[in-house]
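Worksheet for the structure shown next.
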Amino acid sequence: MNDIDIHEGKASPRKHGSPSTAVSVGIVLGMLAMIIIPAAITLHSVRIPATLQLDPNASPHGYTWSLLLFVVPIVVIAVWFLPNEGLDLPRRAFWRTIWTLVPIGCLLDVVFAQWFFLFPNPRATLGVHAPALGHWVPVEEYAFYFTGFITILLLYVWLSEYWLAAYTVKDYQAESRALPKLLKFHPTSLLIGVVLIAAAVAYKLWFSDVRQGLPGYFIVLVAGGLVPSIGLYPATGRFINWRALSLTMFFILLISLLWEATLALPYGWWNYQHRAMMGIFIGAWSNLPIEAVLVWLAVTYGTVILFEAVKIWQASGRRAKEAFLGPVS
């Protein structure tokens, strides 16, 4: 029997199902806001942050062991959850997405680590130096990006295909074939990106305590998160399981805050060069820059959009050029 609502003495069926894409986006943003806003106000109430007095060997190989925060979810989902439910992972779409994103993530260290990051406690790592422009980075950094992208995508796939499968597109293959093309300009994403970058630059120049330079890390995050959206959102928005995306964001954000606010910054596993940040630092979390919180929202959003685009291409059965650019005359 369908659920009913009683309104003015009349019984009417209650509507269920997935809302429109625009409403889904609004709900995800609302869910994030209802956590972020009170958390920000509460954290801002800390006027004099506490400091730790640490022994130089307080967390031997701590960064190395912390990679289990990604490795364990990967093993549990890939070895237990997916096989146990008989789910068929879209392998080609999955690995094509991973092998696109991992080099981009590693490039963040290869090119930008010299300006964005610090690694003050080498004892927290294996001590193996990996190449990067300007100065070395610990090899754990590249393992971090590799396992991070796999965790995000595996979690989204499992949630979308099983835990929240009721909210996926019913006939994915038919709807994929009906799309004329994947690439289509989305001006709203571009406008949001421009506004965010302009606001960050203005804040750093006029309000920040660190006004030298540009908020380079924030600019890179916005570009990385929104570039896929600028060209792919109109086609992929309908296919994204927004409930699965929201839960993936919350899970990854929880890991991130446990990782960075509780462990990484206080124990010197890594840190951020303040001159390359926007200038909003969370004192209660060892002066964690706001970019460190936002990075996982941007990465998760960009990862899911790219994955859905590749998955649509694979499901359509067309060649890449035709799937992304439309029929070739």
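Scheme for the structure tokens: letters A, B, ... for chains in order shown; per-chain residue numbers from 1; ligand numbers from 1 in order shown.
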Discussion item. As number ranges by chain, please: the residues near region 146-151 of chain A (cut-off 10 Å, only C-alpha atoms, same-chain neighbours under 3 positions excluded).
Written reply: A: 67-75, 77-78, 94-95, 97-99, 101-103, 105-106, 140-143, 154-157, 248, 252, 296, 299-300, 303
May I have the residues from that selection written out with N, CA, C and O atoms, as a short mmCIF file (atom, residue, chain, number, x, y, z; two decimals), in the first residue's frame?
```cif
data_model
loop_
_atom_site.label_atom_id
_atom_site.label_comp_id
_atom_site.auth_asym_id
_atom_site.auth_seq_id
_atom_site.Cartn_x
_atom_site.Cartn_y
_atom_site.Cartn_z
N LEU A 67 48.02 5.54 5.71
CA LEU A 67 47.47 5.18 4.40
C LEU A 67 46.45 4.04 4.51
O LEU A 67 45.66 3.82 3.59
N LEU A 68 46.45 3.35 5.65
CA LEU A 68 45.44 2.31 5.89
C LEU A 68 44.03 2.91 5.91
O LEU A 68 43.05 2.19 5.69
N LEU A 69 43.92 4.21 6.16
CA LEU A 69 42.61 4.85 6.14
C LEU A 69 41.98 4.78 4.74
O LEU A 69 40.75 4.87 4.61
N PHE A 70 42.81 4.62 3.73
CA PHE A 70 42.31 4.38 2.37
C PHE A 70 42.39 2.90 2.00
O PHE A 70 41.49 2.37 1.36
N VAL A 71 43.47 2.25 2.39
CA VAL A 71 43.69 0.87 1.97
C VAL A 71 42.61 -0.06 2.51
O VAL A 71 42.08 -0.91 1.78
N VAL A 72 42.25 0.09 3.78
CA VAL A 72 41.25 -0.80 4.38
C VAL A 72 39.89 -0.66 3.70
O VAL A 72 39.27 -1.68 3.35
N PRO A 73 39.37 0.55 3.48
CA PRO A 73 38.10 0.65 2.74
C PRO A 73 38.18 0.05 1.34
O PRO A 73 37.21 -0.58 0.87
N ILE A 74 39.32 0.20 0.67
CA ILE A 74 39.48 -0.40 -0.66
C ILE A 74 39.32 -1.91 -0.58
O ILE A 74 38.58 -2.52 -1.37
N VAL A 75 40.01 -2.53 0.37
CA VAL A 75 39.96 -3.98 0.50
C VAL A 75 38.56 -4.45 0.88
O VAL A 75 38.02 -5.40 0.30
N ILE A 77 35.60 -2.98 0.42
CA ILE A 77 34.62 -2.81 -0.66
C ILE A 77 34.90 -3.76 -1.81
O ILE A 77 33.99 -4.41 -2.34
N ALA A 78 36.16 -3.84 -2.23
CA ALA A 78 36.51 -4.64 -3.41
C ALA A 78 36.46 -6.13 -3.16
O ALA A 78 36.08 -6.90 -4.04
N PHE A 94 35.86 2.36 -14.68
CA PHE A 94 36.53 2.59 -13.40
C PHE A 94 38.02 2.85 -13.61
O PHE A 94 38.55 3.87 -13.15
N TRP A 95 38.71 1.94 -14.30
CA TRP A 95 40.16 2.07 -14.42
C TRP A 95 40.56 3.19 -15.38
O TRP A 95 41.60 3.83 -15.17
N THR A 97 39.01 5.98 -15.56
CA THR A 97 38.90 7.16 -14.71
C THR A 97 40.09 7.27 -13.77
O THR A 97 40.69 8.34 -13.62
N ILE A 98 40.45 6.15 -13.15
CA ILE A 98 41.58 6.15 -12.20
C ILE A 98 42.88 6.54 -12.91
O ILE A 98 43.64 7.39 -12.41
N TRP A 99 43.13 5.96 -14.09
CA TRP A 99 44.40 6.25 -14.77
C TRP A 99 44.41 7.62 -15.41
O TRP A 99 45.45 8.09 -15.87
N LEU A 101 42.92 10.27 -13.48
CA LEU A 101 42.98 11.15 -12.32
C LEU A 101 44.27 11.02 -11.51
O LEU A 101 44.77 12.02 -11.01
N VAL A 102 44.79 9.81 -11.38
CA VAL A 102 45.99 9.62 -10.55
C VAL A 102 47.18 10.45 -11.07
O VAL A 102 47.84 11.13 -10.27
N PRO A 103 47.48 10.42 -12.37
CA PRO A 103 48.58 11.28 -12.83
C PRO A 103 48.33 12.76 -12.57
O PRO A 103 49.27 13.52 -12.26
N GLY A 105 46.58 13.99 -10.04
CA GLY A 105 46.82 14.18 -8.62
C GLY A 105 48.30 14.22 -8.30
O GLY A 105 48.77 15.07 -7.53
N CYS A 106 49.04 13.30 -8.89
CA CYS A 106 50.50 13.29 -8.66
C CYS A 106 51.16 14.56 -9.20
O CYS A 106 52.15 15.04 -8.64
N GLU A 140 55.17 8.40 0.13
CA GLU A 140 53.79 8.22 0.61
C GLU A 140 52.82 9.17 -0.09
O GLU A 140 51.62 8.85 -0.21
N GLU A 141 53.32 10.32 -0.56
CA GLU A 141 52.43 11.26 -1.24
C GLU A 141 51.79 10.63 -2.47
O GLU A 141 50.59 10.80 -2.72
N TYR A 142 52.56 9.90 -3.26
CA TYR A 142 52.02 9.31 -4.49
C TYR A 142 51.11 8.13 -4.18
O TYR A 142 50.11 7.91 -4.87
N ALA A 143 51.43 7.39 -3.11
CA ALA A 143 50.53 6.33 -2.67
C ALA A 143 49.22 6.92 -2.15
O ALA A 143 48.14 6.35 -2.33
N LEU A 154 35.53 3.69 -5.62
CA LEU A 154 34.94 2.43 -5.16
C LEU A 154 33.75 2.67 -4.25
O LEU A 154 32.71 2.00 -4.36
N LEU A 155 33.88 3.62 -3.36
CA LEU A 155 32.79 3.93 -2.44
C LEU A 155 31.57 4.43 -3.19
O LEU A 155 30.44 3.99 -2.93
N TYR A 156 31.79 5.34 -4.15
CA TYR A 156 30.66 5.86 -4.93
C TYR A 156 30.00 4.75 -5.73
O TYR A 156 28.76 4.66 -5.78
N VAL A 157 30.79 3.89 -6.36
CA VAL A 157 30.24 2.80 -7.17
C VAL A 157 29.41 1.86 -6.30
O VAL A 157 28.29 1.48 -6.66
N THR A 248 29.29 9.73 -0.15
CA THR A 248 30.72 9.61 -0.44
C THR A 248 31.47 10.83 0.07
O THR A 248 32.55 10.71 0.70
N ILE A 252 34.43 10.68 2.96
CA ILE A 252 35.79 11.13 2.64
C ILE A 252 36.16 12.34 3.48
O ILE A 252 37.31 12.48 3.94
N TRP A 296 38.68 17.84 -0.58
CA TRP A 296 38.01 16.56 -0.78
C TRP A 296 36.62 16.71 -1.36
O TRP A 296 36.11 15.80 -2.03
N VAL A 299 37.55 17.25 -5.08
CA VAL A 299 38.07 16.02 -5.69
C VAL A 299 36.95 15.00 -5.90
O VAL A 299 36.85 14.36 -6.95
N THR A 300 36.09 14.83 -4.90
CA THR A 300 35.00 13.86 -5.02
C THR A 300 34.04 14.25 -6.13
O THR A 300 33.62 13.41 -6.94
N THR A 303 35.76 13.76 -9.52
CA THR A 303 35.95 12.33 -9.80
C THR A 303 34.66 11.69 -10.29
O THR A 303 34.65 10.93 -11.27
#
```
Discussion item. As JSON, numbers by chain, please: the residues near Ser286 (chain A) (cut-off 9 Å, only C-alpha atoms, same-chain neighbours under 3 positions excluded).
Written reply: {"A": [49, 50, 51, 261, 262, 265, 266, 281, 282, 283]}
Item to complete: Would you mind telling me which residue in A:Leu254, A:Ile37, A:Val227, A:Leu153 lies nearest to Val304 (chain A) when using only C-alpha atoms?
Response: A:Leu153
Item to complete: Using only C-alpha atoms, determine which residues lie at most 10 Å from Ala223 (chain A), disregarding the query and same-chain residues fewer than 3 positions distant; provide the list as a PyMOL selection string.
Response: chain A and resi 190+193-194+197+217-220+226-230+298+302
Fill in: Distance criterion (only C-alpha atoms): nearest to Gly279 (chain A) out of A:Gly62, A:Pro56, A:Gly127, A:Gly213
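With only C-alpha atoms as the atom set, the closest residue is A:Gly213.
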Discussion item. Give me, as a count of residues only, the residues of region 169-256 of chain A that a backbone DSSP run labels helix (DSSP H, G or I).
Written reply: 63
Practice prompt. Could you give me, as an MDAnalysis selection string, the residues within 12 Å of Ala244 (chain A), counting only C-alpha atoms and dropping anything in the same chain fewer than 6 positions from it?
Written response: chainID A and resid 24 28 152:168 250:251 300:301 304
Response to the item:
From CA of Ala235 (chain A) to CA of Gln173 (chain A) the spacing works out at 13.8 Å
Item to complete: Go through region 69-284 of chain A and collect every residue that DSSP, computed from the backbone, puts in strand (DSSP E or B); the answer should be as a list in words.
Response: Phe117, Leu118, His129, Ala130, Val137, Pro138, Asn271, Tyr272, Phe281 and Ile282 of chain A
Fill in: Counting only C-alpha atoms, the residue of A:Met277, A:Val293, A:Met249, A:Leu263 that sits nearest Ala40 (chain A)
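Checking each candidate against Ala40 (chain A), we get A:Val293 as the closest.
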Discussion item. Please determine, counting only C-alpha atoms, which residue among A:Trp313, A:Tyr272, A:Tyr267, A:Phe185 has the shortest atom-to-atom distance to Arg96 (chain A).
Written reply: A:Trp313
Worksheet item: Nearest to Ile305 (chain A) among A:Pro289, A:Ser208, A:Gly268, A:Gly224, with distances taken over only C-alpha atoms: which residue is it?
Response: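 Going through A:Pro289, A:Ser208, A:Gly268, A:Gly224 one by one, the smallest distance to Ile305 (chain A) is for A:Gly224.
Minimum atom-to-atom distance to Gly237 (chain A), evaluated using only C-alpha atoms, belongs to A:His186 out of A:Lys204, A:Arg123, A:His186, A:Arg47.
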Worksheet entry | Separation of CA of Ile240 (chain A) from CA of Glu308 (chain A) in Å |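 For CA of Glu308 (chain A) relative to CA of Ile240 (chain A), the distance reads 6.7 Å.
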